[in-house]
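Coordinates as given in model_15.pdb (PDB, C-alpha atoms):
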```pdb
ATOM      1  CA  MET A  30     134.970  33.853  84.437
ATOM      2  CA  THR A  31     134.976  31.978  87.734
ATOM      3  CA  ALA A  32     137.784  29.833  89.076
ATOM      4  CA  GLU A  33     135.904  26.724  87.945
ATOM      5  CA  THR A  34     135.650  27.889  84.326
ATOM      6  CA  VAL A  35     139.286  28.879  83.767
ATOM      7  CA  GLU A  36     140.623  26.824  80.912
ATOM      8  CA  PRO A  37     143.714  24.676  81.391
ATOM      9  CA  GLY A  38     146.842  26.357  80.119
ATOM     10  CA  THR A  39     145.574  29.858  80.956
ATOM     11  CA  GLY A  40     148.626  30.424  83.180
ATOM     12  CA  ARG A  41     150.879  29.615  80.246
ATOM     13  CA  ALA A  42     148.882  31.935  78.024
ATOM     14  CA  VAL A  43     149.246  34.770  80.536
ATOM     15  CA  LEU A  44     153.001  34.161  80.744
ATOM     16  CA  ARG A  45     153.221  34.146  76.947
ATOM     17  CA  ASP A  46     151.373  37.477  76.817
ATOM     18  CA  LEU A  47     153.585  38.972  79.516
ATOM     19  CA  ARG A  48     156.693  37.873  77.599
ATOM     20  CA  ALA A  49     155.255  39.513  74.478
ATOM     21  CA  VAL A  50     154.700  42.799  76.332
ATOM     22  CA  ASP A  51     158.172  42.536  77.870
ATOM     23  CA  GLY A  52     159.742  42.061  74.434
ATOM     24  CA  ALA A  53     157.677  44.870  72.921
ATOM     25  CA  VAL A  54     158.733  47.364  75.610
ATOM     26  CA  TYR A  55     162.367  46.280  75.183
ATOM     27  CA  ALA A  56     162.083  46.777  71.413
ATOM     28  CA  ALA A  57     160.438  50.194  71.875
ATOM     29  CA  VAL A  58     163.255  51.378  74.152
ATOM     30  CA  ALA A  59     165.830  50.046  71.653
ATOM     31  CA  ALA A  60     164.111  51.776  68.726
ATOM     32  CA  THR A  61     163.786  55.169  70.408
ATOM     33  CA  PRO A  62     166.726  57.426  69.517
ATOM     34  CA  THR A  63     168.119  59.110  72.643
ATOM     35  CA  PRO A  64     171.634  60.281  71.759
ATOM     36  CA  THR A  65     171.826  62.743  74.662
ATOM     37  CA  LEU A  66     170.976  60.008  77.192
ATOM     38  CA  ASP A  67     173.013  57.159  75.739
ATOM     39  CA  THR A  68     176.407  58.078  77.171
ATOM     40  CA  ALA A  69     175.088  59.001  80.616
ATOM     41  CA  LEU A  70     173.041  55.819  80.967
ATOM     42  CA  ARG A  71     175.887  53.661  79.702
ATOM     43  CA  ARG A  72     178.184  55.225  82.304
ATOM     44  CA  LEU A  73     175.594  54.805  85.061
ATOM     45  CA  SER A  74     175.083  51.151  84.175
ATOM     46  CA  THR A  75     178.840  50.574  84.310
ATOM     47  CA  ALA A  76     179.262  52.534  87.551
ATOM     48  CA  ALA A  77     176.634  50.302  89.163
ATOM     49  CA  ASN A  78     178.688  47.156  88.456
ATOM     50  CA  HIS A  79     179.394  45.284  91.697
ATOM     51  CA  SER A  80     177.272  47.893  93.569
ATOM     52  CA  LYS A  81     180.145  50.411  93.458
ATOM     53  CA  ILE A  82     177.796  53.405  93.797
ATOM     54  CA  SER A  83     176.022  51.918  96.802
ATOM     55  CA  PHE A  84     179.285  50.913  98.474
ATOM     56  CA  ALA A  85     180.591  54.469  98.079
ATOM     57  CA  ALA A  86     177.401  55.875  99.616
ATOM     58  CA  ALA A  87     177.585  53.338 102.457
ATOM     59  CA  ALA A  88     181.200  54.323 103.165
ATOM     60  CA  ALA A  89     180.188  57.984 103.433
ATOM     61  CA  LEU A  90     177.266  57.138 105.725
ATOM     62  CA  ALA A  91     179.410  54.879 107.919
ATOM     63  CA  LEU A  92     181.633  57.835 108.793
ATOM     64  CA  VAL A  93     178.762  59.391 110.763
ATOM     65  CA  PRO A  94     177.836  57.649 114.048
ATOM     66  CA  GLY A  95     174.252  56.834 114.957
ATOM     67  CA  ARG A  96     171.472  56.482 112.402
ATOM     68  CA  PRO A  97     173.656  57.103 109.318
ATOM     69  CA  ARG A  98     175.994  54.281 110.351
ATOM     70  CA  ARG A  99     172.997  52.015 111.051
ATOM     71  CA  ALA A 100     171.595  52.951 107.623
ATOM     72  CA  ALA A 101     174.910  51.971 106.002
ATOM     73  CA  LEU A 102     174.821  48.617 107.799
ATOM     74  CA  ALA A 103     171.217  47.998 106.713
ATOM     75  CA  GLY A 104     172.064  48.988 103.140
ATOM     76  CA  LEU A 105     175.087  46.700 102.953
ATOM     77  CA  GLY A 106     173.091  43.824 104.408
ATOM     78  CA  ALA A 107     170.355  44.427 101.856
ATOM     79  CA  ILE A 108     172.896  44.344  99.005
ATOM     80  CA  ALA A 109     174.262  41.042 100.311
ATOM     81  CA  VAL A 110     170.798  39.457 100.465
ATOM     82  CA  ALA A 111     169.752  40.848  97.070
ATOM     83  CA  SER A 112     172.956  39.865  95.324
ATOM     84  CA  ALA A 113     172.917  36.324  96.699
ATOM     85  CA  SER A 114     169.222  35.898  95.936
ATOM     86  CA  ALA A 115     169.523  37.223  92.389
ATOM     87  CA  ASN A 116     172.783  35.600  91.379
ATOM     88  CA  LEU A 117     172.840  32.349  93.330
ATOM     89  CA  LEU A 118     169.119  31.582  93.216
ATOM     90  CA  GLY A 119     167.118  33.578  90.676
ATOM     91  CA  LYS A 120     169.454  33.409  87.707
ATOM     92  CA  ARG A 121     170.203  29.714  88.274
ATOM     93  CA  LEU A 122     166.546  28.762  88.656
ATOM     94  CA  VAL A 123     165.046  30.762  85.781
ATOM     95  CA  ARG A 124     167.974  30.752  83.297
ATOM     96  CA  ARG A 125     166.412  33.325  80.981
ATOM     97  CA  GLN A 126     168.606  34.195  78.013
ATOM     98  CA  ARG A 127     169.876  37.743  77.663
ATOM     99  CA  PRO A 128     168.165  39.880  75.009
ATOM    100  CA  ASP A 129     169.526  39.834  71.479
ATOM    101  CA  ARG A 130     170.411  43.496  71.270
ATOM    102  CA  GLU A 131     171.806  43.169  67.749
ATOM    103  CA  ALA A 132     168.453  41.859  66.511
ATOM    104  CA  ALA A 133     166.686  44.648  68.424
ATOM    105  CA  ARG A 134     169.137  47.159  66.905
ATOM    106  CA  VAL A 135     170.180  48.685  70.199
ATOM    107  CA  ALA A 136     172.465  51.592  69.294
ATOM    108  CA  VAL A 137     176.130  50.695  69.700
ATOM    109  CA  SER A 138     176.630  53.948  71.626
ATOM    110  CA  ARG A 139     174.556  52.393  74.411
ATOM    111  CA  HIS A 140     176.432  49.116  74.667
ATOM    112  CA  VAL A 141     178.040  47.875  77.857
ATOM    113  CA  PRO A 142     179.643  44.428  77.995
ATOM    114  CA  MET A 143     176.969  41.728  77.799
ATOM    115  CA  PRO A 144     177.127  39.675  81.014
ATOM    116  CA  ASP A 145     177.566  35.906  80.786
ATOM    117  CA  SER A 146     174.970  35.254  83.506
ATOM    118  CA  ALA A 147     171.266  34.658  82.954
ATOM    119  CA  SER A 148     169.037  37.679  82.467
ATOM    120  CA  PHE A 149     166.354  37.143  85.146
ATOM    121  CA  PRO A 150     166.305  38.907  87.577
ATOM    122  CA  SER A 151     168.438  42.022  87.171
ATOM    123  CA  GLY A 152     171.096  41.857  89.878
ATOM    124  CA  HIS A 153     172.066  45.502  89.344
ATOM    125  CA  THR A 154     168.474  46.552  90.000
ATOM    126  CA  ALA A 155     167.980  44.193  92.933
ATOM    127  CA  SER A 156     171.069  45.521  94.711
ATOM    128  CA  ALA A 157     170.395  49.202  93.939
ATOM    129  CA  VAL A 158     166.766  48.997  95.085
ATOM    130  CA  ALA A 159     167.720  46.955  98.160
ATOM    131  CA  PHE A 160     170.257  49.566  99.212
ATOM    132  CA  ALA A 161     167.895  52.479  98.560
ATOM    133  CA  ALA A 162     164.973  50.885 100.400
ATOM    134  CA  ALA A 163     167.024  49.834 103.422
ATOM    135  CA  VAL A 164     168.870  53.128 103.785
ATOM    136  CA  GLY A 165     165.676  55.101 103.108
ATOM    137  CA  ALA A 166     163.849  53.251 105.876
ATOM    138  CA  VAL A 167     166.496  54.300 108.414
ATOM    139  CA  LEU A 168     167.156  57.765 106.939
ATOM    140  CA  PRO A 169     163.946  58.881 105.174
ATOM    141  CA  GLY A 170     165.559  62.086 103.909
ATOM    142  CA  VAL A 171     167.805  60.175 101.516
ATOM    143  CA  GLY A 172     165.187  57.621 100.448
ATOM    144  CA  VAL A 173     163.838  59.616  97.506
ATOM    145  CA  PRO A 174     167.184  60.469  95.861
ATOM    146  CA  LEU A 175     168.491  56.928  96.405
ATOM    147  CA  GLY A 176     165.230  55.513  95.062
ATOM    148  CA  ALA A 177     165.477  57.715  91.969
ATOM    149  CA  LEU A 178     169.069  56.586  91.466
ATOM    150  CA  ALA A 179     168.031  52.928  91.823
ATOM    151  CA  GLY A 180     165.261  53.468  89.260
ATOM    152  CA  ALA A 181     167.763  55.033  86.878
ATOM    153  CA  VAL A 182     170.140  52.083  87.354
ATOM    154  CA  GLY A 183     167.301  49.685  86.546
ATOM    155  CA  TYR A 184     166.283  51.620  83.447
ATOM    156  CA  SER A 185     169.925  51.852  82.334
ATOM    157  CA  ARG A 186     170.056  48.064  82.149
ATOM    158  CA  VAL A 187     167.194  48.036  79.630
ATOM    159  CA  HIS A 188     168.542  51.077  77.790
ATOM    160  CA  THR A 189     171.942  49.449  77.309
ATOM    161  CA  GLY A 190     170.229  46.323  76.003
ATOM    162  CA  VAL A 191     171.350  43.791  78.612
ATOM    163  CA  HIS A 192     167.988  43.225  80.341
ATOM    164  CA  TYR A 193     164.320  43.017  79.522
ATOM    165  CA  PRO A 194     162.009  45.306  81.546
ATOM    166  CA  GLY A 195     160.573  42.240  83.309
ATOM    167  CA  ASP A 196     164.044  41.357  84.594
ATOM    168  CA  VAL A 197     164.312  44.834  86.075
ATOM    169  CA  ALA A 198     160.828  44.685  87.628
ATOM    170  CA  ALA A 199     161.648  41.337  89.240
ATOM    171  CA  GLY A 200     164.958  42.751  90.469
ATOM    172  CA  ALA A 201     163.133  45.677  92.070
ATOM    173  CA  VAL A 202     160.704  43.372  93.892
ATOM    174  CA  LEU A 203     163.624  41.254  95.066
ATOM    175  CA  GLY A 204     165.411  44.408  96.214
ATOM    176  CA  VAL A 205     162.477  45.548  98.352
ATOM    177  CA  ALA A 206     162.195  42.089  99.921
ATOM    178  CA  SER A 207     165.959  42.020 100.570
ATOM    179  CA  ALA A 208     165.751  45.400 102.291
ATOM    180  CA  GLY A 209     163.039  44.022 104.560
ATOM    181  CA  VAL A 210     165.210  41.063 105.530
ATOM    182  CA  SER A 211     168.209  43.291 106.208
ATOM    183  CA  LEU A 212     166.204  45.806 108.232
ATOM    184  CA  ALA A 213     164.783  43.004 110.390
ATOM    185  CA  ALA A 214     168.290  41.661 110.982
ATOM    186  CA  VAL A 215     169.741  45.091 111.835
ATOM    187  CA  THR A 216     166.847  45.785 114.192
ATOM    188  CA  TRP A 217     167.422  42.463 115.938
ATOM    189  CA  VAL A 218     171.204  42.991 116.189
ATOM    190  CA  THR A 219     170.970  46.575 117.417
ATOM    191  CA  ALA A 220     168.112  45.899 119.876
ATOM    192  CA  GLY A 221     170.619  44.926 122.534
ATOM    193  CA  GLU A 222     172.510  48.202 122.075
ATOM    194  CA  ARG A 223     169.622  50.316 123.275
TER     195      ARG A 223
END
```
Just give me the structure as structure tokens.
Amino acid sequence: MTAETVEPGTGRAVLRDLRAVDGAVYAAVAATPTPTLDTALRRLSTAANHSKISFAAAAALALVPGRPRRAALAGLGAIAVASASANLLGKRLVRRQRPDREAARVAVSRHVPMPDSASFPSGHTASAVAFAAAVGAVLPGVGVPLGALAGAVGYSRVHTGVHYPGDVAAGAVLGVASAGVSLAAVTWVTAGER
């Protein structure tokens, strides 16, 4: 099919299909029994509230002068950009409803409090990925473990039933972009220190 032969409404059809896949993956995660993971992922999801894990890591990094301190600054800046973008822009513009985890039969052992905010994008994921990407760019040795932790935070939001996978994917993209903004700002600010 060429650009001239694309039927009107195809964009809407693609979005409808993507929503169907998103809902199907959410339902599959909800329907898969994982009793050994449920408690750990529920605790991880809760620990990531308000970026507590990232703030603790930033505090530890800030104690060490030089690159670790610069990594902490970049990570905190990335969280600020990601959180503002997700919560003040994304959620207000898209206004996607949270999943109905009762209808999807998400196990009660997985439940965390259902947020009142819109579902898209995942702010937890955006902030965790932003921190991991920014810190990992300054300190490559910690990029992989922080990236794995950010991925686990994102998955925990689907596992606990409070986000669709598409919300998490969008949060991850937003997190990477936020890290880029923060790294550019830190580079500009610290250029005069060299």
Against stretch 166-175 of chain A, which residues of stretch 53-116 of chain A fall within 12 Å? For each one I want the closest pair of atoms and the distance in Å (one decimal), counting only C-alpha atoms, rows by chain and increasing residue number, as CSV.
```
residue,atom,partner,partner_atom,distance
A:Ile82,CA,A:Leu175,CA,10.3
A:Ser83,CA,A:Leu175,CA,9.1
A:Ala86,CA,A:Leu175,CA,9.5
A:Ala87,CA,A:Leu175,CA,11.5
A:Leu90,CA,A:Leu168,CA,10.2
A:Gly95,CA,A:Val167,CA,10.5
A:Arg96,CA,A:Val167,CA,6.7
A:Pro97,CA,A:Leu168,CA,7.0
A:Arg98,CA,A:Val167,CA,9.7
A:Arg99,CA,A:Val167,CA,7.4
A:Ala100,CA,A:Val167,CA,5.3
A:Ala101,CA,A:Val167,CA,9.1
A:Leu102,CA,A:Val167,CA,10.1
A:Ala103,CA,A:Val167,CA,8.1
A:Gly104,CA,A:Val167,CA,9.3
A:Ala107,CA,A:Ala166,CA,11.7
```
Need the shell around A:Ala85: protein/DNA/RNA residues with any atom at most 12 Å away, counting only C-alpha atoms. Skip same-chain ones fewer than 3 positions apart. Format as a PDB file with C-alpha atoms, in the coordinates of the input?
```
ATOM      1  CA  ALA A  76     179.262  52.534  87.551  1.00  0.00           C
ATOM      2  CA  ALA A  77     176.634  50.302  89.163  1.00  0.00           C
ATOM      3  CA  HIS A  79     179.394  45.284  91.697  1.00  0.00           C
ATOM      4  CA  SER A  80     177.272  47.893  93.569  1.00  0.00           C
ATOM      5  CA  LYS A  81     180.145  50.411  93.458  1.00  0.00           C
ATOM      6  CA  ILE A  82     177.796  53.405  93.797  1.00  0.00           C
ATOM      7  CA  ALA A  88     181.200  54.323 103.165  1.00  0.00           C
ATOM      8  CA  ALA A  89     180.188  57.984 103.433  1.00  0.00           C
ATOM      9  CA  LEU A  90     177.266  57.138 105.725  1.00  0.00           C
ATOM     10  CA  ALA A  91     179.410  54.879 107.919  1.00  0.00           C
ATOM     11  CA  LEU A  92     181.633  57.835 108.793  1.00  0.00           C
ATOM     12  CA  ALA A 101     174.910  51.971 106.002  1.00  0.00           C
ATOM     13  CA  GLY A 104     172.064  48.988 103.140  1.00  0.00           C
ATOM     14  CA  LEU A 105     175.087  46.700 102.953  1.00  0.00           C
ATOM     15  CA  PHE A 160     170.257  49.566  99.212  1.00  0.00           C
TER      16      PHE A 160
END
```
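The closest residue to A:Thr61, picked from A:Ala181, A:Val93, A:Val43, A:Val135 and counting only C-alpha atoms, is A:Val135.
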Counting all atoms listed in the file, find the residues whose atoms lie at most 8 Å from (177.1, 52.1, 72.9) (file coordinates) and write them out as a VMD selection string. chain A and resid 67 to 68 71 136 to 141 189
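Look at A:His192: the protein and nucleic acid residues within 8 Å of it, using all atoms listed in the file and passing over chain neighbours fewer than 6 places away, are Arg127, Pro128, Ser148, Phe149, Ser151 and Arg186 of chain A.
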Please dump the current selection as a JSON list (two decimals), in the coordinates of the input; keep C-alpha atoms.
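And here's selection27.json as it stands now:
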```json
[["chain", "number", "residue", "atom", "x", "y", "z"],
["A", 127, "ARG", "CA", 169.88, 37.74, 77.66],
["A", 128, "PRO", "CA", 168.16, 39.88, 75.01],
["A", 148, "SER", "CA", 169.04, 37.68, 82.47],
["A", 149, "PHE", "CA", 166.35, 37.14, 85.15],
["A", 151, "SER", "CA", 168.44, 42.02, 87.17],
["A", 186, "ARG", "CA", 170.06, 48.06, 82.15]]
```
Any chance you could resolve the PyMOL selection byres ((chain A and resi 109) around 12) against this file and give the residues as a compact mmCIF listing (two decimals) with C-alpha atoms, keeping the file's coordinate frame?
```txt
# COMPACT_ATOMS: atom_id res chain seq x y z
CA HIS A 79 179.39 45.28 91.70
CA SER A 80 177.27 47.89 93.57
CA SER A 83 176.02 51.92 96.80
CA PHE A 84 179.28 50.91 98.47
CA LEU A 102 174.82 48.62 107.80
CA ALA A 103 171.22 48.00 106.71
CA GLY A 104 172.06 48.99 103.14
CA LEU A 105 175.09 46.70 102.95
CA GLY A 106 173.09 43.82 104.41
CA ALA A 107 170.36 44.43 101.86
CA ILE A 108 172.90 44.34 99.00
CA VAL A 110 170.80 39.46 100.46
CA ALA A 111 169.75 40.85 97.07
CA SER A 112 172.96 39.86 95.32
CA ALA A 113 172.92 36.32 96.70
CA SER A 114 169.22 35.90 95.94
CA ALA A 115 169.52 37.22 92.39
CA ASN A 116 172.78 35.60 91.38
CA LEU A 117 172.84 32.35 93.33
CA GLY A 152 171.10 41.86 89.88
CA ALA A 155 167.98 44.19 92.93
CA SER A 156 171.07 45.52 94.71
CA ALA A 157 170.40 49.20 93.94
CA ALA A 159 167.72 46.96 98.16
CA PHE A 160 170.26 49.57 99.21
CA ALA A 163 167.02 49.83 103.42
CA LEU A 203 163.62 41.25 95.07
CA GLY A 204 165.41 44.41 96.21
CA SER A 207 165.96 42.02 100.57
CA ALA A 208 165.75 45.40 102.29
CA VAL A 210 165.21 41.06 105.53
CA SER A 211 168.21 43.29 106.21
```
Quick one: 6 Å padding each side, axis-aligned, all listed atoms of stretch 198-214 of chain A - centre and edge lengths in Å to one decimal, as JSON?
```
{"center_x": 164.5, "center_y": 43.4, "center_z": 99.3, "size_x": 19.6, "size_y": 16.7, "size_z": 35.4}
```
Here atom CA of A:Ala53 and atom CA of A:Gln126 stand apart by 16.1 Å
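In terms of minimum interatomic distance to A:His153, A:Val191 ranks closest within A:Pro62, A:Ala177, A:Val54, A:Val191, counting only C-alpha atoms.
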